[in-house]
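Undergrad: So that you have it, the file is final_7.txt, and it contains compact mmCIF, C-alpha atoms and all ligand atoms:
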```txt
# COMPACT_ATOMS: atom_id res chain seq x y z
CA MET A 1 -26.37 22.62 -9.51
CA SER A 2 -22.81 22.65 -8.24
CA GLN A 3 -21.53 19.47 -6.69
CA PRO A 4 -21.39 19.58 -2.90
CA TYR A 5 -18.57 17.04 -2.79
CA LYS A 6 -15.16 18.40 -1.87
CA TRP A 7 -13.18 15.27 -1.18
CA PRO A 8 -9.46 15.96 -0.82
CA ILE A 9 -8.58 12.84 -2.78
CA TYR A 10 -6.15 12.61 -5.67
CA GLY A 11 -6.74 10.26 -8.55
CA HIS A 12 -9.64 7.75 -8.78
CA LYS A 13 -11.68 10.37 -10.70
CA ASN A 14 -14.18 7.96 -12.25
CA GLN A 15 -14.65 6.02 -9.05
CA LEU A 16 -15.31 9.20 -7.05
CA LYS A 17 -17.71 10.53 -9.65
CA PHE A 18 -19.61 7.25 -9.65
CA LEU A 19 -19.88 7.14 -5.85
CA GLN A 20 -20.89 10.78 -5.57
CA GLU A 21 -23.61 10.35 -8.17
CA THR A 22 -25.08 7.39 -6.32
CA ILE A 23 -25.37 9.60 -3.23
CA SER A 24 -26.89 12.50 -5.18
CA GLN A 25 -29.40 10.22 -6.89
CA ASP A 26 -30.03 8.26 -3.71
CA LYS A 27 -29.21 5.04 -5.51
CA LEU A 28 -26.94 3.27 -3.08
CA ALA A 29 -26.30 -0.39 -3.83
CA ASN A 30 -26.89 -3.04 -1.19
CA THR A 31 -23.32 -4.20 -1.38
CA TYR A 32 -20.11 -2.65 -2.64
CA LEU A 33 -16.76 -4.28 -3.08
CA PHE A 34 -13.94 -1.74 -3.21
CA TYR A 35 -10.82 -3.51 -4.36
CA GLY A 36 -7.29 -2.88 -5.58
CA PRO A 37 -3.76 -3.18 -4.16
CA ALA A 38 -3.00 -1.83 -0.70
CA GLY A 39 -1.96 1.79 -0.44
CA LEU A 40 -4.24 3.24 -3.10
CA GLY A 41 -6.55 5.08 -0.70
CA LYS A 42 -9.57 2.74 -0.60
CA LYS A 43 -10.09 3.42 3.10
CA THR A 44 -9.89 7.16 2.61
CA VAL A 45 -12.41 7.05 -0.22
CA THR A 46 -14.70 4.87 1.89
CA ASP A 47 -14.43 7.35 4.72
CA TYR A 48 -15.48 10.32 2.57
CA PHE A 49 -18.15 8.29 0.82
CA VAL A 50 -19.75 7.15 4.07
CA ARG A 51 -19.58 10.52 5.78
CA SER A 52 -21.08 12.16 2.69
CA ILE A 53 -23.95 9.65 2.70
CA PHE A 54 -24.94 10.67 6.22
CA CYS A 55 -23.95 14.35 6.16
CA LEU A 56 -26.91 16.72 6.51
CA SER A 57 -25.34 19.65 4.68
CA ASP A 58 -26.28 20.23 1.05
CA LYS A 59 -23.44 22.64 0.39
CA SER A 60 -20.39 20.63 1.37
CA LYS A 61 -20.33 16.91 1.97
CA PRO A 62 -18.97 15.92 4.43
CA CYS A 63 -19.26 19.24 6.26
CA ASP A 64 -17.68 18.12 9.56
CA LYS A 65 -20.13 20.44 11.33
CA CYS A 66 -23.57 18.84 11.28
CA ASP A 67 -24.68 16.51 14.08
CA TYR A 68 -24.10 13.38 12.02
CA CYS A 69 -20.63 14.40 10.85
CA GLN A 70 -19.65 15.18 14.41
CA MET A 71 -21.00 11.91 15.75
CA ILE A 72 -19.21 9.94 13.04
CA ASN A 73 -15.97 11.79 13.74
CA ARG A 74 -16.33 10.99 17.43
CA GLY A 75 -17.14 7.36 16.68
CA THR A 76 -20.54 7.53 18.37
CA PHE A 77 -22.76 7.31 15.31
CA LEU A 78 -25.05 4.32 15.75
CA ASP A 79 -25.90 3.54 12.14
CA LEU A 80 -22.30 2.98 11.09
CA TYR A 81 -20.81 -0.45 11.70
CA LYS A 82 -17.23 -1.52 11.13
CA VAL A 83 -15.34 -4.78 11.37
CA GLY A 84 -11.81 -5.82 10.47
CA ASP A 85 -10.38 -2.36 11.00
CA ARG A 86 -8.58 -3.18 14.23
CA GLU A 87 -9.46 -6.81 14.84
CA ALA A 88 -8.89 -9.87 12.67
CA LEU A 89 -11.78 -11.07 10.53
CA SER A 90 -12.40 -14.25 12.51
CA VAL A 91 -15.59 -16.26 12.09
CA ASP A 92 -16.79 -15.07 15.49
CA ASN A 93 -16.11 -11.44 14.68
CA ILE A 94 -17.92 -11.68 11.38
CA ARG A 95 -20.92 -13.51 12.91
CA GLU A 96 -21.26 -10.97 15.68
CA PHE A 97 -20.98 -8.16 13.18
CA LEU A 98 -23.62 -9.66 10.88
CA HIS A 99 -25.90 -10.24 13.84
CA LYS A 100 -25.59 -6.61 14.87
CA ILE A 101 -26.50 -5.25 11.46
CA SER A 102 -29.41 -7.67 11.11
CA MET A 103 -31.12 -6.18 14.15
CA SER A 104 -33.72 -3.57 13.34
CA ASN A 105 -32.31 -0.11 13.41
CA LEU A 106 -33.76 2.13 16.07
CA SER A 107 -33.33 5.38 14.23
CA GLY A 108 -34.97 4.08 11.08
CA HIS A 109 -32.10 5.54 9.13
CA ARG A 110 -29.94 3.90 6.60
CA LYS A 111 -27.21 1.71 8.01
CA ILE A 112 -23.74 1.37 6.58
CA ALA A 113 -21.59 -1.63 7.43
CA ILE A 114 -17.94 -1.62 6.45
CA ILE A 115 -15.83 -4.78 6.28
CA TYR A 116 -12.11 -4.00 6.12
CA GLY A 117 -9.51 -6.48 4.93
CA THR A 118 -12.09 -8.66 3.20
CA GLU A 119 -9.26 -10.42 1.33
CA THR A 120 -8.36 -12.19 4.59
CA ILE A 121 -11.80 -13.69 5.11
CA ASN A 122 -11.92 -17.49 5.41
CA LEU A 123 -14.43 -19.86 3.91
CA PHE A 124 -16.62 -20.09 7.01
CA SER A 125 -16.87 -16.33 7.40
CA ALA A 126 -17.48 -15.99 3.69
CA ASN A 127 -20.40 -18.39 3.92
CA ALA A 128 -21.89 -16.50 6.83
CA LEU A 129 -21.41 -13.28 4.93
CA LEU A 130 -22.97 -14.72 1.81
CA LYS A 131 -26.24 -15.40 3.66
CA THR A 132 -26.44 -11.75 4.64
CA LEU A 133 -25.57 -10.61 1.14
CA GLU A 134 -28.31 -12.81 -0.29
CA GLU A 135 -30.89 -11.40 2.07
CA PRO A 136 -29.60 -8.01 3.07
CA PRO A 137 -31.21 -6.30 6.08
CA ALA A 138 -33.52 -3.49 5.09
CA ASN A 139 -32.00 -0.12 4.36
CA THR A 140 -28.49 -1.42 4.81
CA THR A 141 -25.47 -0.95 2.61
CA ILE A 142 -22.45 -3.17 3.09
CA ILE A 143 -19.07 -1.98 1.88
CA MET A 144 -16.40 -4.63 1.59
CA ILE A 145 -12.82 -3.44 1.15
CA ALA A 146 -10.26 -5.85 -0.25
CA ASP A 147 -6.65 -5.51 -1.37
CA SER A 148 -7.28 -8.41 -3.71
CA ILE A 149 -10.28 -10.43 -4.79
CA ALA A 150 -8.27 -13.39 -6.06
CA ASN A 151 -9.18 -15.54 -3.04
CA LEU A 152 -12.75 -14.34 -2.53
CA PRO A 153 -15.53 -16.78 -3.43
CA SER A 154 -17.16 -15.79 -6.70
CA THR A 155 -20.53 -16.03 -4.95
CA VAL A 156 -19.52 -13.11 -2.72
CA ILE A 157 -18.02 -11.11 -5.58
CA SER A 158 -21.05 -11.53 -7.79
CA ARG A 159 -23.34 -10.09 -5.12
CA ALA A 160 -21.48 -6.80 -4.99
CA GLN A 161 -21.26 -3.63 -6.98
CA LEU A 162 -17.56 -3.72 -7.87
CA VAL A 163 -15.46 -0.59 -7.64
CA LYS A 164 -11.92 -1.21 -8.80
CA PHE A 165 -9.12 1.09 -7.66
CA LYS A 166 -6.03 1.53 -9.77
CA SER A 167 -2.60 3.04 -9.24
CA LEU A 168 -2.52 6.81 -9.50
CA VAL A 169 -1.01 8.25 -12.64
CA LYS A 170 2.15 10.30 -12.23
CA GLU A 171 0.37 13.67 -12.56
CA ASP A 172 -1.99 12.81 -9.69
CA MET A 173 0.90 11.66 -7.52
CA LYS A 174 2.74 14.89 -8.34
CA ALA A 175 -0.28 17.05 -7.52
CA TRP A 176 -0.75 15.20 -4.24
CA LEU A 177 2.93 15.56 -3.30
CA GLU A 178 2.67 19.33 -3.79
CA ASN A 179 1.23 19.28 -0.26
CA TYR A 180 4.51 18.07 1.16
CA LYS A 181 7.89 19.67 1.59
CA PHE A 182 10.40 17.59 -0.28
CA SER A 183 12.99 18.45 -2.89
CA ASN A 184 12.04 17.76 -6.50
CA GLU A 185 14.51 14.87 -6.67
CA GLU A 186 13.05 13.39 -3.50
CA LYS A 187 9.53 13.74 -4.86
CA GLU A 188 10.53 12.06 -8.11
CA THR A 189 12.11 9.19 -6.20
CA ILE A 190 9.09 8.81 -3.93
CA ILE A 191 6.79 8.72 -6.97
CA ASN A 192 9.00 6.16 -8.69
CA LEU A 193 9.31 3.91 -5.66
CA SER A 194 5.65 3.96 -4.69
CA PHE A 195 4.21 2.87 -8.06
CA GLY A 196 1.19 5.17 -7.87
CA ARG A 197 0.25 4.11 -4.37
CA PRO A 198 -0.04 7.05 -1.97
CA GLY A 199 -0.04 4.70 1.03
CA VAL A 200 3.36 3.37 0.04
CA ALA A 201 4.59 6.90 -0.58
CA LEU A 202 3.35 8.00 2.86
CA ARG A 203 5.34 5.22 4.49
CA LEU A 204 8.43 6.31 2.58
CA MET A 205 7.86 9.90 3.61
CA ALA A 206 7.23 9.19 7.29
CA ASP A 207 10.74 8.13 8.16
CA ASP A 208 11.66 5.63 5.54
CA LEU A 209 13.10 8.27 3.28
CA GLU A 210 15.88 8.91 5.76
CA GLN A 211 16.40 5.17 6.10
CA PHE A 212 16.28 4.87 2.34
CA LYS A 213 19.02 7.47 1.99
CA LYS A 214 21.16 5.76 4.61
CA SER A 215 20.76 2.39 2.92
CA SER A 216 21.40 3.97 -0.48
CA SER A 217 24.67 5.52 0.55
CA PHE A 218 25.69 2.19 2.07
CA ILE A 219 25.06 0.43 -1.24
CA LEU A 220 26.79 3.20 -3.18
CA LYS A 221 29.88 2.95 -0.99
CA MET A 222 29.98 -0.79 -1.50
CA MET A 223 29.72 -0.35 -5.25
CA ALA A 224 32.41 2.27 -5.36
CA GLY A 225 34.80 0.54 -2.94
CA GLY A 226 37.30 -2.20 -3.79
CA THR A 227 37.29 -5.83 -2.69
CA PHE A 228 39.04 -5.11 0.58
CA TYR A 229 36.64 -2.33 1.43
CA TYR A 230 33.43 -4.26 0.95
CA MET A 231 34.71 -7.42 2.64
CA GLN A 232 35.45 -5.30 5.68
CA ALA A 233 32.14 -3.45 5.43
CA ILE A 234 30.16 -6.70 5.22
CA ASP A 235 32.06 -8.08 8.20
CA LYS A 236 31.22 -5.03 10.26
CA TRP A 237 27.61 -5.00 9.07
CA PHE A 238 26.97 -8.54 10.25
CA GLU A 239 28.86 -8.01 13.47
CA ILE A 240 26.39 -5.23 14.28
CA LEU A 241 23.36 -7.19 13.06
CA LYS A 242 24.26 -10.20 15.21
CA LYS A 243 24.66 -7.95 18.23
CA GLU A 244 21.37 -6.16 17.60
CA TYR A 245 19.44 -9.36 16.94
CA PRO A 246 20.87 -12.04 19.21
CA GLY A 247 19.28 -15.44 18.80
CA TYR A 248 18.15 -14.73 15.23
CA LYS A 249 18.33 -17.71 12.94
CA LEU A 250 20.34 -17.47 9.72
CA TYR A 251 17.34 -16.87 7.49
CA GLU A 252 16.00 -14.28 9.91
CA LEU A 253 19.28 -12.40 9.74
CA GLY A 254 19.14 -12.80 5.99
CA ASN A 255 15.69 -11.26 5.90
CA LEU A 256 17.04 -8.18 7.62
CA THR A 257 19.33 -7.65 4.66
CA ARG A 258 16.70 -8.32 2.02
CA GLU A 259 15.77 -4.68 1.53
CA TYR A 260 19.39 -3.95 0.70
CA LEU A 261 19.25 -6.53 -2.05
CA ASP A 262 16.13 -4.83 -3.39
CA LEU A 263 17.86 -1.50 -3.24
CA PHE A 264 20.98 -2.86 -4.88
CA GLU A 265 18.74 -4.10 -7.66
CA VAL A 266 17.17 -0.63 -8.01
CA PHE A 267 20.64 0.90 -8.39
CA LEU A 268 21.82 -1.61 -10.96
CA ARG A 269 18.61 -1.24 -12.92
CA ASP A 270 18.93 2.54 -12.81
CA ILE A 271 22.47 2.30 -14.13
CA LEU A 272 21.20 0.11 -16.93
CA TRP A 273 18.41 2.62 -17.61
CA VAL A 274 20.98 5.42 -17.92
CA LYS A 275 22.74 3.37 -20.57
CA LEU A 276 19.45 2.77 -22.36
CA ASP A 277 18.45 6.43 -22.04
CA ARG A 278 15.41 5.68 -19.95
CA PRO A 279 14.21 7.64 -16.89
CA ILE A 280 15.67 6.33 -13.65
CA VAL A 281 13.88 5.56 -10.37
CA ASN A 282 16.29 6.89 -7.78
CA GLU A 283 16.40 10.56 -8.78
CA ILE A 284 18.00 11.52 -5.47
CA TYR A 285 21.21 9.83 -6.60
CA ASN A 286 21.05 10.84 -10.25
CA LYS A 287 24.64 12.14 -10.23
CA GLU A 288 26.11 9.08 -8.56
CA ILE A 289 24.20 6.73 -10.83
CA ASN A 290 25.40 8.56 -13.92
CA ALA A 291 28.98 8.39 -12.69
CA LEU A 292 28.68 4.67 -11.95
CA SER A 293 27.24 3.99 -15.39
CA GLN A 294 30.72 4.65 -16.84
CA LYS A 295 32.05 1.66 -14.93
CA PHE A 296 29.61 -0.93 -16.29
CA ASN A 297 28.66 -2.26 -19.67
CA GLN A 298 25.14 -3.39 -20.52
CA GLN A 299 25.81 -7.10 -20.52
CA SER A 300 27.56 -7.06 -17.14
CA LEU A 301 24.65 -5.10 -15.68
CA ILE A 302 22.23 -7.72 -16.90
CA ASN A 303 24.46 -10.49 -15.50
CA ASN A 304 24.62 -8.67 -12.18
CA LEU A 305 20.85 -8.32 -12.00
CA LEU A 306 20.56 -12.05 -12.55
CA LEU A 307 23.09 -12.61 -9.75
CA ILE A 308 20.96 -10.55 -7.40
CA ASN A 309 17.93 -12.60 -8.28
CA LYS A 310 19.81 -15.77 -7.44
CA ALA A 311 21.02 -14.22 -4.18
CA LYS A 312 17.42 -13.39 -3.26
CA GLN A 313 16.41 -16.99 -3.75
CA LYS A 314 19.29 -18.11 -1.57
CA LEU A 315 18.00 -15.95 1.27
CA ASN A 316 14.93 -18.17 1.38
CA TYR A 317 17.11 -21.10 2.33
CA ASN A 318 19.09 -21.44 5.47
CA ILE A 319 22.40 -20.24 4.09
CA SER A 320 24.66 -17.74 5.77
CA PRO A 321 23.53 -14.32 4.54
CA GLN A 322 27.02 -13.00 5.19
CA LEU A 323 28.47 -15.56 2.82
CA MET A 324 25.76 -14.74 0.31
CA TRP A 325 26.65 -11.04 0.39
CA GLU A 326 30.39 -11.70 0.16
CA ASN A 327 29.90 -14.03 -2.79
CA LEU A 328 27.60 -11.56 -4.44
CA PHE A 329 30.14 -8.76 -4.34
CA LEU A 330 32.94 -11.08 -5.39
CA SER A 331 31.00 -12.18 -8.46
CA ILE A 332 29.69 -8.75 -9.44
CA GLU A 333 31.32 -7.73 -12.70
ZN ZN A 401 -22.11 17.02 7.79
```
Let's see the structure in the file written out as structure tokens.
Ligand SMILES: [Zn+2]
TA:
Amino acid sequence: MSQPYKWPIYGHKNQLKFLQETISQDKLANTYLFYGPAGLGKKTVTDYFVRSIFCLSDKSKPCDKCDYCQMINRGTFLDLYKVGDREALSVDNIREFLHKISMSNLSGHRKIAIIYGTETINLFSANALLKTLEEPPANTTIIMIADSIANLPSTVISRAQLVKFKSLVKEDMKAWLENYKFSNEEKETIINLSFGRPGVALRLMADDLEQFKKSSSFILKMMAGGTFYYMQAIDKWFEILKKEYPGYKLYELGNLTREYLDLFEVFLRDILWVKLDRPIVNEIYNKEINALSQKFNQQSLINNLLLINKAKQKLNYNISPQLMWENLFLSIE
């Protein structure tokens, strides 16, 4: 029998296979805990999983055509409950949610209850939840989604069928990115910067890539320019920042420049990687990075990376970020 599941999801092969088999064999667990870092696609998988559970078609699940698929897509399907998707997971929200799913279901069908952002649950909500997990309402499956389980009570974790999501391997990211129009260098950079997390890549692709390029050329100019140039550039930069964000405290202004420090670090590391003959992250600027690598030796690159780390720590304190940046460029070897 051919599988009816056509989920347009890249990566997570074992997880998908496992979930699809539980639907086929009608062996749904009472409680699932889908976990793994944000941006891996846990919500998307949950969406296809849940719609496939209810879908009436036996050829293509979810079919998007049957009554149930259409009701779910319109948000009018009564046996599907969600919490934490738009609202915070407060004790009240959780209690109300648990109360709703404990009521007998009118249709007699299976009920699915999804808890998003379970990692943010507090102890009181967790206790309320635990009671439901210990005595689950009939015919009900609860799916908890969490970016991390480090802070979840072990009593909650142990009640659930765990499904762990991992970063996508490069081939899966590549296959997925085939659906988008970007140059090969851009795709490589997106893959490298998103660490196998499509959600992070999507953010980059939305408009961050343009911002990323702007910030990158800013950093490159600073690295290529002399003392006079970057002192002037930093002056101008902060003049604009102070105008755009009046009333910002020093550390708040500093936070606005934090991504540039990260980016600066990416560049220096890439230059070091060129020297060590390792693949670089920022493929878009391959040429520039190779040219810059002539200017640095290995030890100075390592020293500079350490300087950046120190600068990052300084941003946490209430020091002038402008001074921090000026000192950083003055001490860069
Ligand atoms: Zn359907």
Undergrad: Would you tabulate, counting only C-alpha atoms and all ligand atoms, all residues of chain A that have an atom at most 8 Å from an atom of ligand ZN 401 (chain A), showing the closest pair of atoms and their distance in Å to one decimal, sorted by chain then ascending number, as CSV?
TA:
```
residue,atom,partner,partner_atom,distance
A:Arg51,CA,A:ZN401,ZN,7.3
A:Ser52,CA,A:ZN401,ZN,7.1
A:Phe54,CA,A:ZN401,ZN,7.1
A:Cys55,CA,A:ZN401,ZN,3.6
A:Leu56,CA,A:ZN401,ZN,5.0
A:Ser57,CA,A:ZN401,ZN,5.2
A:Ser60,CA,A:ZN401,ZN,7.6
A:Lys61,CA,A:ZN401,ZN,6.1
A:Pro62,CA,A:ZN401,ZN,4.7
A:Cys63,CA,A:ZN401,ZN,3.9
A:Asp64,CA,A:ZN401,ZN,4.9
A:Lys65,CA,A:ZN401,ZN,5.3
A:Cys66,CA,A:ZN401,ZN,4.2
A:Asp67,CA,A:ZN401,ZN,6.8
A:Tyr68,CA,A:ZN401,ZN,5.9
A:Cys69,CA,A:ZN401,ZN,4.3
A:Gln70,CA,A:ZN401,ZN,7.3
```
Undergrad: With C-alpha atoms kept, could you save the residues just selected as a compact mmCIF listing (two decimals), in the frame of the given file?
TA:
```txt
# COMPACT_ATOMS: atom_id res chain seq x y z
CA ARG A 51 -19.58 10.52 5.78
CA SER A 52 -21.08 12.16 2.69
CA PHE A 54 -24.94 10.67 6.22
CA CYS A 55 -23.95 14.35 6.16
CA LEU A 56 -26.91 16.72 6.51
CA SER A 57 -25.34 19.65 4.68
CA SER A 60 -20.39 20.63 1.37
CA LYS A 61 -20.33 16.91 1.97
CA PRO A 62 -18.97 15.92 4.43
CA CYS A 63 -19.26 19.24 6.26
CA ASP A 64 -17.68 18.12 9.56
CA LYS A 65 -20.13 20.44 11.33
CA CYS A 66 -23.57 18.84 11.28
CA ASP A 67 -24.68 16.51 14.08
CA TYR A 68 -24.10 13.38 12.02
CA CYS A 69 -20.63 14.40 10.85
CA GLN A 70 -19.65 15.18 14.41
```
Undergrad: If I wrap all listed atoms of segment 77-82 of chain A in a box with edges along x, y and z and add 3 Å on each side, what are its centre and edge lengths in Å to one decimal, as lines of an AutoDock Vina configuration file?
TA:
```
center_x = -21.6
center_y = 2.9
center_z = 13.4
size_x = 14.7
size_y = 14.8
size_z = 10.7
```
Undergrad: Calculate how many Å separate atom CA of Ser183 of chain A from atom CA of Phe267 of chain A, rounding to one decimal.
TA: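 Going from atom CA of Ser183 of chain A over to atom CA of Phe267 of chain A, I get 19.9 Å.
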Undergrad: Show which residues sit within 12 Å of segment 4-15 of chain A, as a PyMOL selection string. Count all atoms listed in the file, and ignore same-chain residues fewer than 2 positions away.
TA: chain A and resi 1-2+17-24+34-36+40-53+55-64+161-179+196-198
Undergrad: Between A:Ile289, A:Asn127, A:Ile157, A:Asn255, which is the closest to Ile219 of chain A once you count all atoms listed in the file?
TA: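 The shortest atom-to-atom distance to Ile219 of chain A comes from A:Ile289.
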Undergrad: From the list A:Arg110, A:Arg269, A:Lys187, A:His99, which residue is nearest Leu78 of chain A when using only C-alpha atoms?
TA: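 Of all the options, A:Arg110 lies closest to Leu78 of chain A.
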Undergrad: If we count only C-alpha atoms and set the cut-off at 12 Å, which residues sit around Arg203 of chain A, ignoring sequence neighbours fewer than 3 positions away in its own chain? Please answer as number ranges by chain.
TA: A: 39, 190, 193-194, 197-200, 206-212
Undergrad: Measure the distance from atom CA of Asn318 of chain A to atom CA of Leu256 of chain A in Å and round it to one decimal.
TA: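 Taking atom CA of Asn318 of chain A and atom CA of Leu256 of chain A, their separation equals 13.6 Å.
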Undergrad: Have a look at atom CA of Ala291 of chain A and atom CA of Gly226 of chain A and let me know their distance in Å, one decimal.
TA: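 Distance reported for this atom pair: 16.1 Å.
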Undergrad: Which polymer residues have any atom within 12 Å of an atom of Leu276 of chain A, counting all atoms listed in the file, with same-chain residues fewer than 2 positions away left out, as an NGL selection string?
TA: :A and (269-274 or 278-280 or 290 or 293 or 297-299 or 301)
Undergrad: Show me, as a list in words, the residues that have an atom within 7 Å of segment 79-93 of chain A when counting only C-alpha atoms, minus same-chain residues fewer than 3 positions from it.
TA: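 The filter keeps Glu96, Phe97, Arg110, Lys111, Ile112, Ala113, Ile114, Ile115, Tyr116, Gly117, Thr120, Ile121, Phe124 and Ser125 of chain A.
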Undergrad: Nearest to Lys310 of chain A: which of A:Leu328, A:Ala138, A:Phe296, A:Phe182 is it, counting only C-alpha atoms?
TA: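 The closest residue to Lys310 of chain A is A:Leu328.
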Undergrad: Of the candidates A:Asn139, A:Asn122, A:Asn316, A:Gln3, which one gets nearest to Ala29 of chain A if we count only C-alpha atoms?
TA: A:Asn139
Undergrad: A:Leu220, A:Met324, A:Leu250, A:Ala160: which is nearest Ile145 of chain A, counting all atoms listed in the file?
TA: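 Of all the options, A:Ala160 lies closest to Ile145 of chain A.
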Undergrad: Taking all atoms listed in the file into account, name the residue in A:Arg95, A:Ser320, A:Ser215, A:Ile191 that is nearest to Leu263 of chain A.
TA: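 Between A:Arg95, A:Ser320, A:Ser215, A:Ile191, the residue approaching Leu263 of chain A most closely is A:Ser215.
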Undergrad: Using all atoms listed in the file, determine which residues lie at most 12 Å from segment 241-244 of chain A, disregarding the query and same-chain residues fewer than 4 positions distant; provide the list as a count of residues only.
TA: 15
